[in-house]
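The data block below is target37.cif; it holds mmCIF, C-alpha atoms and all ligand atoms.
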```cif
data_coords
#
loop_
_atom_site.label_atom_id
_atom_site.label_comp_id
_atom_site.auth_asym_id
_atom_site.auth_seq_id
_atom_site.Cartn_x
_atom_site.Cartn_y
_atom_site.Cartn_z
CA MET A 1 0.00 0.00 0.00
CA LEU A 2 1.25 3.51 -0.80
CA ASP A 3 2.17 5.76 2.09
CA THR A 4 0.26 9.02 2.45
CA LYS A 5 3.01 11.23 1.02
CA ASN A 6 3.61 9.11 -2.09
CA LYS A 7 -0.10 8.73 -2.71
CA GLN A 8 -0.65 12.50 -2.56
CA ARG A 9 2.35 13.07 -4.87
CA LEU A 10 0.97 10.59 -7.44
CA TYR A 11 -2.40 12.34 -7.32
CA GLU A 12 -0.77 15.75 -7.84
CA LEU A 13 1.03 14.45 -10.92
CA ALA A 14 -2.16 12.81 -12.24
CA ARG A 15 -4.21 15.97 -11.62
CA ALA A 16 -1.64 18.10 -13.44
CA ARG A 17 -1.65 15.73 -16.43
CA ILE A 18 -5.44 15.66 -16.54
CA ARG A 19 -5.63 19.46 -16.29
CA ASP A 20 -3.24 19.81 -19.26
CA LEU A 21 -4.91 17.09 -21.32
CA ILE A 22 -8.47 18.45 -20.99
CA ALA A 23 -7.64 22.16 -21.16
CA GLY A 24 -10.11 23.82 -23.53
CA GLU A 25 -12.02 20.59 -24.20
CA MET A 26 -15.79 21.05 -24.42
CA ASP A 27 -16.94 17.44 -24.74
CA LEU A 28 -17.88 15.64 -21.53
CA ILE A 29 -17.35 12.12 -22.93
CA ALA A 30 -13.89 13.04 -24.24
CA ILE A 31 -13.01 14.38 -20.80
CA MET A 32 -14.37 11.30 -18.99
CA ALA A 33 -12.44 8.97 -21.30
CA THR A 34 -9.23 10.89 -20.65
CA VAL A 35 -9.72 10.89 -16.88
CA ALA A 36 -10.56 7.15 -16.77
CA GLY A 37 -7.41 6.29 -18.73
CA GLU A 38 -5.14 8.52 -16.67
CA LEU A 39 -6.46 7.26 -13.33
CA TYR A 40 -6.42 3.57 -14.27
CA HIS A 41 -2.82 3.72 -15.44
CA SER A 42 -1.51 5.94 -12.62
CA PHE A 43 -2.32 3.79 -9.58
CA ASP A 44 -1.41 0.11 -9.17
CA TYR A 45 -4.21 -0.45 -6.66
CA PHE A 46 -6.95 0.63 -9.09
CA ASP A 47 -8.48 -2.29 -11.00
CA TRP A 48 -11.44 -0.40 -12.49
CA ALA A 49 -11.88 3.33 -13.08
CA GLY A 50 -14.72 4.98 -14.94
CA PHE A 51 -17.95 6.89 -15.04
CA TYR A 52 -21.67 6.19 -14.83
CA ARG A 53 -23.68 9.00 -16.44
CA VAL A 54 -27.09 10.28 -15.37
CA VAL A 55 -29.28 9.57 -18.43
CA ALA A 56 -32.76 9.92 -16.91
CA PRO A 57 -34.14 10.77 -13.47
CA GLY A 58 -32.82 8.14 -11.04
CA LEU A 59 -30.91 6.22 -13.72
CA LEU A 60 -27.19 5.76 -14.41
CA LYS A 61 -25.74 4.31 -17.61
CA ILE A 62 -22.13 3.27 -18.06
CA GLY A 63 -19.75 5.81 -19.59
CA PRO A 64 -16.05 5.77 -20.44
CA TYR A 65 -14.03 3.36 -18.27
CA GLN A 66 -10.92 1.19 -18.10
CA GLY A 67 -10.87 -2.30 -16.63
CA PRO A 68 -13.05 -5.38 -17.03
CA HIS A 69 -16.62 -4.84 -18.20
CA GLY A 70 -18.97 -3.10 -15.77
CA CYS A 71 -22.75 -3.46 -15.60
CA LEU A 72 -24.48 -1.20 -18.09
CA THR A 73 -27.33 0.29 -16.06
CA ILE A 74 -27.63 1.16 -12.36
CA SER A 75 -30.63 2.78 -10.71
CA PHE A 76 -30.14 5.30 -7.92
CA ASP A 77 -31.53 2.83 -5.37
CA ARG A 78 -28.84 0.21 -6.01
CA GLY A 79 -25.17 -0.24 -5.20
CA VAL A 80 -22.45 2.16 -4.20
CA CYS A 81 -22.89 4.17 -7.40
CA GLY A 82 -26.60 4.57 -6.70
CA ALA A 83 -25.88 5.72 -3.13
CA ALA A 84 -23.35 8.33 -4.31
CA ALA A 85 -25.82 9.59 -6.91
CA ARG A 86 -28.80 9.65 -4.55
CA LEU A 87 -26.93 11.27 -1.65
CA ARG A 88 -24.63 13.37 -3.87
CA ARG A 89 -21.79 12.46 -1.53
CA THR A 90 -18.58 10.51 -1.91
CA GLN A 91 -18.93 6.91 -0.75
CA ILE A 92 -15.87 5.03 0.53
CA VAL A 93 -16.47 1.29 0.95
CA PRO A 94 -13.49 -0.43 2.67
CA ASP A 95 -14.97 -3.92 2.21
CA VAL A 96 -17.58 -4.40 -0.51
CA THR A 97 -18.95 -7.57 1.13
CA GLN A 98 -20.23 -5.37 3.98
CA PHE A 99 -22.14 -2.91 1.75
CA PRO A 100 -25.87 -3.72 1.55
CA GLY A 101 -27.00 -3.89 -2.08
CA TYR A 102 -23.48 -3.92 -3.48
CA ILE A 103 -23.43 -4.71 -7.23
CA ALA A 104 -20.60 -7.14 -7.94
CA CYS A 105 -19.27 -6.54 -11.46
CA SER A 106 -15.92 -8.23 -10.86
CA ALA A 107 -15.14 -10.97 -8.34
CA ALA A 108 -11.72 -9.35 -7.83
CA THR A 109 -13.08 -6.09 -6.38
CA GLN A 110 -12.62 -5.76 -2.62
CA SER A 111 -13.01 -2.05 -1.95
CA GLU A 112 -14.48 0.89 -3.80
CA ILE A 113 -14.88 4.67 -3.89
CA VAL A 114 -17.58 6.56 -5.80
CA VAL A 115 -17.57 10.35 -6.21
CA PRO A 116 -20.40 12.46 -7.65
CA VAL A 117 -19.73 14.74 -10.64
CA LEU A 118 -21.71 17.94 -10.31
CA SER A 119 -22.00 20.81 -12.77
CA PRO A 120 -21.13 24.27 -11.42
CA ALA A 121 -24.91 24.85 -11.19
CA GLY A 122 -25.20 21.81 -8.90
CA ASP A 123 -26.76 19.36 -11.38
CA LEU A 124 -25.64 15.73 -10.98
CA LEU A 125 -24.01 14.75 -14.29
CA ALA A 126 -22.37 11.42 -13.43
CA VAL A 127 -20.46 9.49 -10.78
CA LEU A 128 -16.81 8.43 -10.89
CA ASP A 129 -16.36 4.84 -9.70
CA VAL A 130 -12.94 3.45 -8.77
CA ASP A 131 -12.54 -0.17 -7.60
CA SER A 132 -9.57 -1.96 -6.05
CA ASP A 133 -8.58 -5.59 -5.68
CA GLN A 134 -7.19 -4.69 -2.24
CA LEU A 135 -9.23 -4.33 0.94
CA ASN A 136 -9.51 -0.84 2.44
CA ALA A 137 -7.62 0.74 -0.48
CA PHE A 138 -9.28 4.18 -0.35
CA ASP A 139 -9.05 6.93 2.23
CA GLU A 140 -9.57 10.68 2.59
CA ILE A 141 -6.61 11.39 0.27
CA ASP A 142 -8.31 9.48 -2.54
CA ALA A 143 -11.61 11.21 -1.74
CA ALA A 144 -10.17 14.75 -1.71
CA ASN A 145 -8.17 14.26 -4.92
CA LEU A 146 -10.89 12.43 -6.84
CA GLU A 147 -13.35 15.15 -5.79
CA GLU A 148 -11.01 17.78 -7.27
CA ILE A 149 -10.78 15.75 -10.49
CA CYS A 150 -14.58 15.46 -10.59
CA LYS A 151 -14.82 19.26 -10.28
CA MET A 152 -12.68 19.55 -13.42
CA VAL A 153 -15.00 17.08 -15.18
CA GLY A 154 -18.14 18.81 -13.91
CA ALA A 155 -16.95 22.16 -15.21
CA ALA A 156 -17.53 20.75 -18.72
CA GLY A 157 -21.24 20.59 -17.86
CA ARG A 158 -21.25 24.38 -17.91
CA ARG A 159 -19.29 24.51 -21.16
CA ASP A 160 -21.71 22.03 -22.80
CA ALA A 161 -24.70 24.06 -21.67
CA ALA A 162 -23.13 27.22 -23.06
CA SER A 163 -22.30 25.72 -26.45
N1 LIG A 201 -19.88 -1.97 -7.69
C1 LIG A 201 -20.63 -0.87 -8.23
C2 LIG A 201 -21.15 -1.17 -9.61
C3 LIG A 201 -20.25 -0.74 -10.71
S1 LIG A 201 -18.90 -1.70 -10.92
O1 LIG A 201 -18.13 -1.89 -9.75
C4 LIG A 201 -17.99 -1.26 -12.22
C5 LIG A 201 -21.79 -0.54 -7.29
O2 LIG A 201 -22.09 -1.28 -6.35
O3 LIG A 201 -22.41 0.49 -7.51
#
```
Just give me the structure of the file as structure tokens.
Ligand code: SME
Amino acid sequence: MLDTKNKQRLYELARARIRDLIAGEMDLIAIMATVAGELYHSFDYFDWAGFYRVVAPGLLKIGPYQGPHGCLTISFDRGVCGAAARLRRTQIVPDVTQFPGYIACSAATQSEIVVPVLSPAGDLLAVLDVDSDQLNAFDEIDAANLEEICKMVGAAGRRDAAS
């Protein structure tokens, strides 16, 4: 497991790369695809990284991701993704077997973090889901950094609306 200092340093490098890569980009899917790729390849303890998009009231549909296939549709009343969408709050699950209603997409996943993506106006656009094959892989450093990354993604919601 990474120590706190090294984890934060890796996140700072990943955030800087993502900021440069998406600068000026207007397309939300292009941004999500870039973020999923950067995150998945930056951290050894990530075994799935990607987005579920809000496509109708109470309904998430899979978006750009890296890793083994994920389930295609999740309603807000199911799973960790549904909880993050419904509550609009980051969910850290140290042990997925202890989460009621957990949706198992991969038998390898042991812990998970899901972060909401909000537009600057406060509309829920998507959630970012990151899974790990290690128990208790995610902490407040992951939450704070992934929330900053989701703010960069959410800012595209405003650019889309303006275009
Ligand atoms: N485990 C998630 C579903 C998505 S996959 O992990 C890719 C959940 O419970 O919401």
Ligand LIG 201 (chain A): axis-aligned bounding box, 6 Å on each side, centre and edge lengths in Å, one decimal, as lines of an AutoDock Vina configuration file:
```
center_x = -20.2
center_y = -0.7
center_z = -9.3
size_x = 16.4
size_y = 14.5
size_z = 17.9
```
Near ligand LIG 201 (chain A), 9 Å: chain A residue rows, closest pairs, only C-alpha atoms and all ligand atoms, as a Markdown table:
```
| residue | atom | partner | partner_atom | distance |
| --- | --- | --- | --- | --- |
| A:Trp48 | CA | A:LIG201 | C4 | 6.6 |
| A:Ala49 | CA | A:LIG201 | C4 | 7.7 |
| A:Gly50 | CA | A:LIG201 | C4 | 7.6 |
| A:Phe51 | CA | A:LIG201 | C4 | 8.6 |
| A:Tyr52 | CA | A:LIG201 | C3 | 8.2 |
| A:Ile62 | CA | A:LIG201 | C4 | 8.5 |
| A:Tyr65 | CA | A:LIG201 | C4 | 8.6 |
| A:Gly67 | CA | A:LIG201 | C4 | 8.4 |
| A:Pro68 | CA | A:LIG201 | C4 | 8.0 |
| A:His69 | CA | A:LIG201 | C4 | 7.1 |
| A:Gly70 | CA | A:LIG201 | C4 | 4.1 |
| A:Cys71 | CA | A:LIG201 | C3 | 6.1 |
| A:Leu72 | CA | A:LIG201 | C3 | 8.5 |
| A:Thr73 | CA | A:LIG201 | C3 | 8.9 |
| A:Ile74 | CA | A:LIG201 | O3 | 7.2 |
| A:Arg78 | CA | A:LIG201 | O3 | 6.6 |
| A:Gly79 | CA | A:LIG201 | O2 | 3.4 |
| A:Val80 | CA | A:LIG201 | O3 | 3.7 |
| A:Cys81 | CA | A:LIG201 | O3 | 3.7 |
| A:Gly82 | CA | A:LIG201 | O3 | 5.9 |
| A:Ala83 | CA | A:LIG201 | O3 | 7.7 |
| A:Ala84 | CA | A:LIG201 | O3 | 8.5 |
| A:Val96 | CA | A:LIG201 | N1 | 7.9 |
| A:Phe99 | CA | A:LIG201 | O2 | 8.3 |
| A:Gly101 | CA | A:LIG201 | O2 | 7.0 |
| A:Tyr102 | CA | A:LIG201 | O2 | 4.1 |
| A:Ile103 | CA | A:LIG201 | O2 | 3.8 |
| A:Ala104 | CA | A:LIG201 | N1 | 5.2 |
| A:Cys105 | CA | A:LIG201 | S1 | 4.9 |
| A:Ser106 | CA | A:LIG201 | O1 | 6.8 |
| A:Thr109 | CA | A:LIG201 | O1 | 7.4 |
| A:Ser111 | CA | A:LIG201 | N1 | 9.0 |
| A:Glu112 | CA | A:LIG201 | N1 | 7.2 |
| A:Val114 | CA | A:LIG201 | O3 | 7.9 |
| A:Asp129 | CA | A:LIG201 | C4 | 6.8 |
| A:Val130 | CA | A:LIG201 | O1 | 7.5 |
| A:Asp131 | CA | A:LIG201 | O1 | 6.2 |
```
Please identify all polymer residues within 12 Å of Leu135 of chain A, counting all atoms listed in the file, omitting same-chain residues fewer than 5 positions from it, and present them as a ChimeraX atom specification. /A:1,45-46,92-98,108-113
For the residues selected in the previous step, produce a file with C-alpha atoms as a PDB file, keeping the file's coordinate frame.
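Saved result, again05.pdb, follows:
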```
ATOM      1  CA  MET A   1       0.000   0.000   0.000  1.00  0.00           C
ATOM      2  CA  TYR A  45      -4.210  -0.450  -6.660  1.00  0.00           C
ATOM      3  CA  PHE A  46      -6.950   0.630  -9.090  1.00  0.00           C
ATOM      4  CA  ILE A  92     -15.870   5.030   0.530  1.00  0.00           C
ATOM      5  CA  VAL A  93     -16.470   1.290   0.950  1.00  0.00           C
ATOM      6  CA  PRO A  94     -13.490  -0.430   2.670  1.00  0.00           C
ATOM      7  CA  ASP A  95     -14.970  -3.920   2.210  1.00  0.00           C
ATOM      8  CA  VAL A  96     -17.580  -4.400  -0.510  1.00  0.00           C
ATOM      9  CA  THR A  97     -18.950  -7.570   1.130  1.00  0.00           C
ATOM     10  CA  GLN A  98     -20.230  -5.370   3.980  1.00  0.00           C
ATOM     11  CA  ALA A 108     -11.720  -9.350  -7.830  1.00  0.00           C
ATOM     12  CA  THR A 109     -13.080  -6.090  -6.380  1.00  0.00           C
ATOM     13  CA  GLN A 110     -12.620  -5.760  -2.620  1.00  0.00           C
ATOM     14  CA  SER A 111     -13.010  -2.050  -1.950  1.00  0.00           C
ATOM     15  CA  GLU A 112     -14.480   0.890  -3.800  1.00  0.00           C
ATOM     16  CA  ILE A 113     -14.880   4.670  -3.890  1.00  0.00           C
TER      17      ILE A 113
END
```
Which one of A:Ile22, A:Lys151, A:Ala137, A:Gly37 sits closest to Pro120 of chain A if you count only C-alpha atoms? A:Lys151
Pick from A:Leu87, A:Leu10, A:Leu2, A:Ala56, whichever lies nearest to Leu39 of chain A using all atoms listed in the file: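 Between A:Leu87, A:Leu10, A:Leu2, A:Ala56, the residue approaching Leu39 of chain A most closely is A:Leu10.
For the pair atom CA of Val55 of chain A and atom CA of Gly157 of chain A, the separation is 13.7 Å.
The nearest approach to Asp27 of chain A among the residues A:Val117, A:Ala156, A:Asp77, A:Leu125, with only C-alpha atoms taken into account, belongs to A:Ala156.
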Residues near Leu124 of chain A, anyone? I mean within 9 Å using all atoms listed in the file, not counting same-chain ones fewer than 2 positions away, as a list in words.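 Counting all atoms listed in the file, the residues come to Arg53, Val54, Ala85, Arg88, Pro116, Val117, Leu118, Ser119, Gly122, Ala126, Val127 and Gly154 of chain A.
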Report the distance between atom CA of Glu38 of chain A and atom CA of Ala143 of chain A in Å, rounded to one decimal place.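 Between atom CA of Glu38 of chain A and atom CA of Ala143 of chain A the gap works out to 16.5 Å.
Across the model, the gap from atom CA of Val115 of chain A to atom CA of Leu146 of chain A is 7.0 Å.
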Between A:Gln91, A:Ile149, A:Asp142, A:Leu13, which residue has the minimum interatomic distance to Ala36 of chain A, considering all atoms listed in the file?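 Closest to Ala36 of chain A of all the choices is A:Ile149.
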Missing atoms in segment 109-142 of chain A: fill them in up to N, CA and C atoms and send the result as a PDB file, in the coordinates of the input.
```pdb
ATOM      1  N   THR A 109     -12.958  -7.360  -7.108  1.00  0.00           N
ATOM      2  CA  THR A 109     -13.080  -6.090  -6.380  1.00  0.00           C
ATOM      3  C   THR A 109     -13.300  -6.322  -4.887  1.00  0.00           C
ATOM      4  N   GLN A 110     -12.486  -5.636  -4.078  1.00  0.00           N
ATOM      5  CA  GLN A 110     -12.620  -5.760  -2.620  1.00  0.00           C
ATOM      6  C   GLN A 110     -13.008  -4.460  -1.942  1.00  0.00           C
ATOM      7  N   SER A 111     -12.606  -3.328  -2.527  1.00  0.00           N
ATOM      8  CA  SER A 111     -13.010  -2.050  -1.950  1.00  0.00           C
ATOM      9  C   SER A 111     -13.278  -1.064  -3.083  1.00  0.00           C
ATOM     10  N   GLU A 112     -13.949   0.029  -2.745  1.00  0.00           N
ATOM     11  CA  GLU A 112     -14.480   0.890  -3.800  1.00  0.00           C
ATOM     12  C   GLU A 112     -14.670   2.306  -3.283  1.00  0.00           C
ATOM     13  N   ILE A 113     -14.526   3.284  -4.209  1.00  0.00           N
ATOM     14  CA  ILE A 113     -14.880   4.670  -3.890  1.00  0.00           C
ATOM     15  C   ILE A 113     -15.700   5.214  -5.053  1.00  0.00           C
ATOM     16  N   VAL A 114     -16.755   5.960  -4.744  1.00  0.00           N
ATOM     17  CA  VAL A 114     -17.580   6.560  -5.800  1.00  0.00           C
ATOM     18  C   VAL A 114     -17.791   8.036  -5.439  1.00  0.00           C
ATOM     19  N   VAL A 115     -17.532   8.904  -6.425  1.00  0.00           N
ATOM     20  CA  VAL A 115     -17.570  10.350  -6.210  1.00  0.00           C
ATOM     21  C   VAL A 115     -18.556  10.984  -7.195  1.00  0.00           C
ATOM     22  N   PRO A 116     -19.475  11.814  -6.720  1.00  0.00           N
ATOM     23  CA  PRO A 116     -20.400  12.460  -7.650  1.00  0.00           C
ATOM     24  C   PRO A 116     -19.714  13.523  -8.508  1.00  0.00           C
ATOM     25  N   VAL A 117     -20.203  13.672  -9.732  1.00  0.00           N
ATOM     26  CA  VAL A 117     -19.730  14.740 -10.640  1.00  0.00           C
ATOM     27  C   VAL A 117     -20.887  15.723 -10.787  1.00  0.00           C
ATOM     28  N   LEU A 118     -20.662  16.925 -10.267  1.00  0.00           N
ATOM     29  CA  LEU A 118     -21.710  17.940 -10.310  1.00  0.00           C
ATOM     30  C   LEU A 118     -21.313  19.054 -11.264  1.00  0.00           C
ATOM     31  N   SER A 119     -22.276  19.628 -11.952  1.00  0.00           N
ATOM     32  CA  SER A 119     -22.000  20.810 -12.770  1.00  0.00           C
ATOM     33  C   SER A 119     -21.829  21.998 -11.818  1.00  0.00           C
ATOM     34  N   PRO A 120     -21.264  23.091 -12.291  1.00  0.00           N
ATOM     35  CA  PRO A 120     -21.130  24.270 -11.420  1.00  0.00           C
ATOM     36  C   PRO A 120     -22.488  24.747 -10.906  1.00  0.00           C
ATOM     37  N   ALA A 121     -23.562  24.456 -11.645  1.00  0.00           N
ATOM     38  CA  ALA A 121     -24.910  24.850 -11.190  1.00  0.00           C
ATOM     39  C   ALA A 121     -25.475  23.856 -10.169  1.00  0.00           C
ATOM     40  N   GLY A 122     -24.759  22.769  -9.918  1.00  0.00           N
ATOM     41  CA  GLY A 122     -25.200  21.810  -8.900  1.00  0.00           C
ATOM     42  C   GLY A 122     -25.997  20.643  -9.463  1.00  0.00           C
ATOM     43  N   ASP A 123     -26.070  20.511 -10.787  1.00  0.00           N
ATOM     44  CA  ASP A 123     -26.760  19.360 -11.380  1.00  0.00           C
ATOM     45  C   ASP A 123     -25.845  18.125 -11.327  1.00  0.00           C
ATOM     46  N   LEU A 124     -26.422  16.972 -10.978  1.00  0.00           N
ATOM     47  CA  LEU A 124     -25.640  15.730 -10.980  1.00  0.00           C
ATOM     48  C   LEU A 124     -25.503  15.244 -12.424  1.00  0.00           C
ATOM     49  N   LEU A 125     -24.262  15.157 -12.903  1.00  0.00           N
ATOM     50  CA  LEU A 125     -24.010  14.750 -14.290  1.00  0.00           C
ATOM     51  C   LEU A 125     -23.655  13.262 -14.373  1.00  0.00           C
ATOM     52  N   ALA A 126     -22.942  12.774 -13.360  1.00  0.00           N
ATOM     53  CA  ALA A 126     -22.370  11.420 -13.430  1.00  0.00           C
ATOM     54  C   ALA A 126     -21.799  11.073 -12.063  1.00  0.00           C
ATOM     55  N   VAL A 127     -21.310   9.833 -11.928  1.00  0.00           N
ATOM     56  CA  VAL A 127     -20.460   9.490 -10.780  1.00  0.00           C
ATOM     57  C   VAL A 127     -19.183   8.861 -11.319  1.00  0.00           C
ATOM     58  N   LEU A 128     -18.091   9.096 -10.599  1.00  0.00           N
ATOM     59  CA  LEU A 128     -16.810   8.430 -10.890  1.00  0.00           C
ATOM     60  C   LEU A 128     -16.676   7.256  -9.936  1.00  0.00           C
ATOM     61  N   ASP A 129     -16.484   6.061 -10.496  1.00  0.00           N
ATOM     62  CA  ASP A 129     -16.360   4.840  -9.700  1.00  0.00           C
ATOM     63  C   ASP A 129     -14.932   4.308  -9.848  1.00  0.00           C
ATOM     64  N   VAL A 130     -14.263   4.081  -8.732  1.00  0.00           N
ATOM     65  CA  VAL A 130     -12.940   3.450  -8.770  1.00  0.00           C
ATOM     66  C   VAL A 130     -12.975   2.243  -7.839  1.00  0.00           C
ATOM     67  N   ASP A 131     -12.557   1.083  -8.359  1.00  0.00           N
ATOM     68  CA  ASP A 131     -12.540  -0.170  -7.600  1.00  0.00           C
ATOM     69  C   ASP A 131     -11.097  -0.629  -7.393  1.00  0.00           C
ATOM     70  N   SER A 132     -10.897  -1.396  -6.319  1.00  0.00           N
ATOM     71  CA  SER A 132      -9.570  -1.960  -6.050  1.00  0.00           C
ATOM     72  C   SER A 132      -9.675  -3.432  -5.722  1.00  0.00           C
ATOM     73  N   ASP A 133      -8.632  -4.173  -6.069  1.00  0.00           N
ATOM     74  CA  ASP A 133      -8.580  -5.590  -5.680  1.00  0.00           C
ATOM     75  C   ASP A 133      -7.919  -5.749  -4.315  1.00  0.00           C
ATOM     76  N   GLN A 134      -7.703  -4.628  -3.613  1.00  0.00           N
ATOM     77  CA  GLN A 134      -7.190  -4.690  -2.240  1.00  0.00           C
ATOM     78  C   GLN A 134      -8.279  -4.209  -1.282  1.00  0.00           C
ATOM     79  N   LEU A 135      -8.291  -4.787  -0.100  1.00  0.00           N
ATOM     80  CA  LEU A 135      -9.230  -4.330   0.940  1.00  0.00           C
ATOM     81  C   LEU A 135      -8.808  -2.962   1.437  1.00  0.00           C
ATOM     82  N   ASN A 136      -9.787  -2.112   1.764  1.00  0.00           N
ATOM     83  CA  ASN A 136      -9.510  -0.840   2.440  1.00  0.00           C
ATOM     84  C   ASN A 136      -8.484   0.005   1.673  1.00  0.00           C
ATOM     85  N   ALA A 137      -8.627   0.060   0.349  1.00  0.00           N
ATOM     86  CA  ALA A 137      -7.620   0.740  -0.480  1.00  0.00           C
ATOM     87  C   ALA A 137      -7.796   2.263  -0.487  1.00  0.00           C
ATOM     88  N   PHE A 138      -8.977   2.755  -0.146  1.00  0.00           N
ATOM     89  CA  PHE A 138      -9.280   4.180  -0.350  1.00  0.00           C
ATOM     90  C   PHE A 138      -9.469   4.903   0.974  1.00  0.00           C
ATOM     91  N   ASP A 139      -8.939   6.137   1.008  1.00  0.00           N
ATOM     92  CA  ASP A 139      -9.050   6.930   2.230  1.00  0.00           C
ATOM     93  C   ASP A 139      -9.384   8.377   1.866  1.00  0.00           C
ATOM     94  N   GLU A 140      -9.202   9.269   2.817  1.00  0.00           N
ATOM     95  CA  GLU A 140      -9.570  10.680   2.590  1.00  0.00           C
ATOM     96  C   GLU A 140      -8.679  11.332   1.528  1.00  0.00           C
ATOM     97  N   ILE A 141      -7.474  10.825   1.326  1.00  0.00           N
ATOM     98  CA  ILE A 141      -6.610  11.390   0.270  1.00  0.00           C
ATOM     99  C   ILE A 141      -7.199  11.082  -1.098  1.00  0.00           C
ATOM    100  N   ASP A 142      -7.645   9.828  -1.271  1.00  0.00           N
ATOM    101  CA  ASP A 142      -8.310   9.480  -2.540  1.00  0.00           C
ATOM    102  C   ASP A 142      -9.557  10.350  -2.704  1.00  0.00           C
TER     103      ASP A 142
END
```
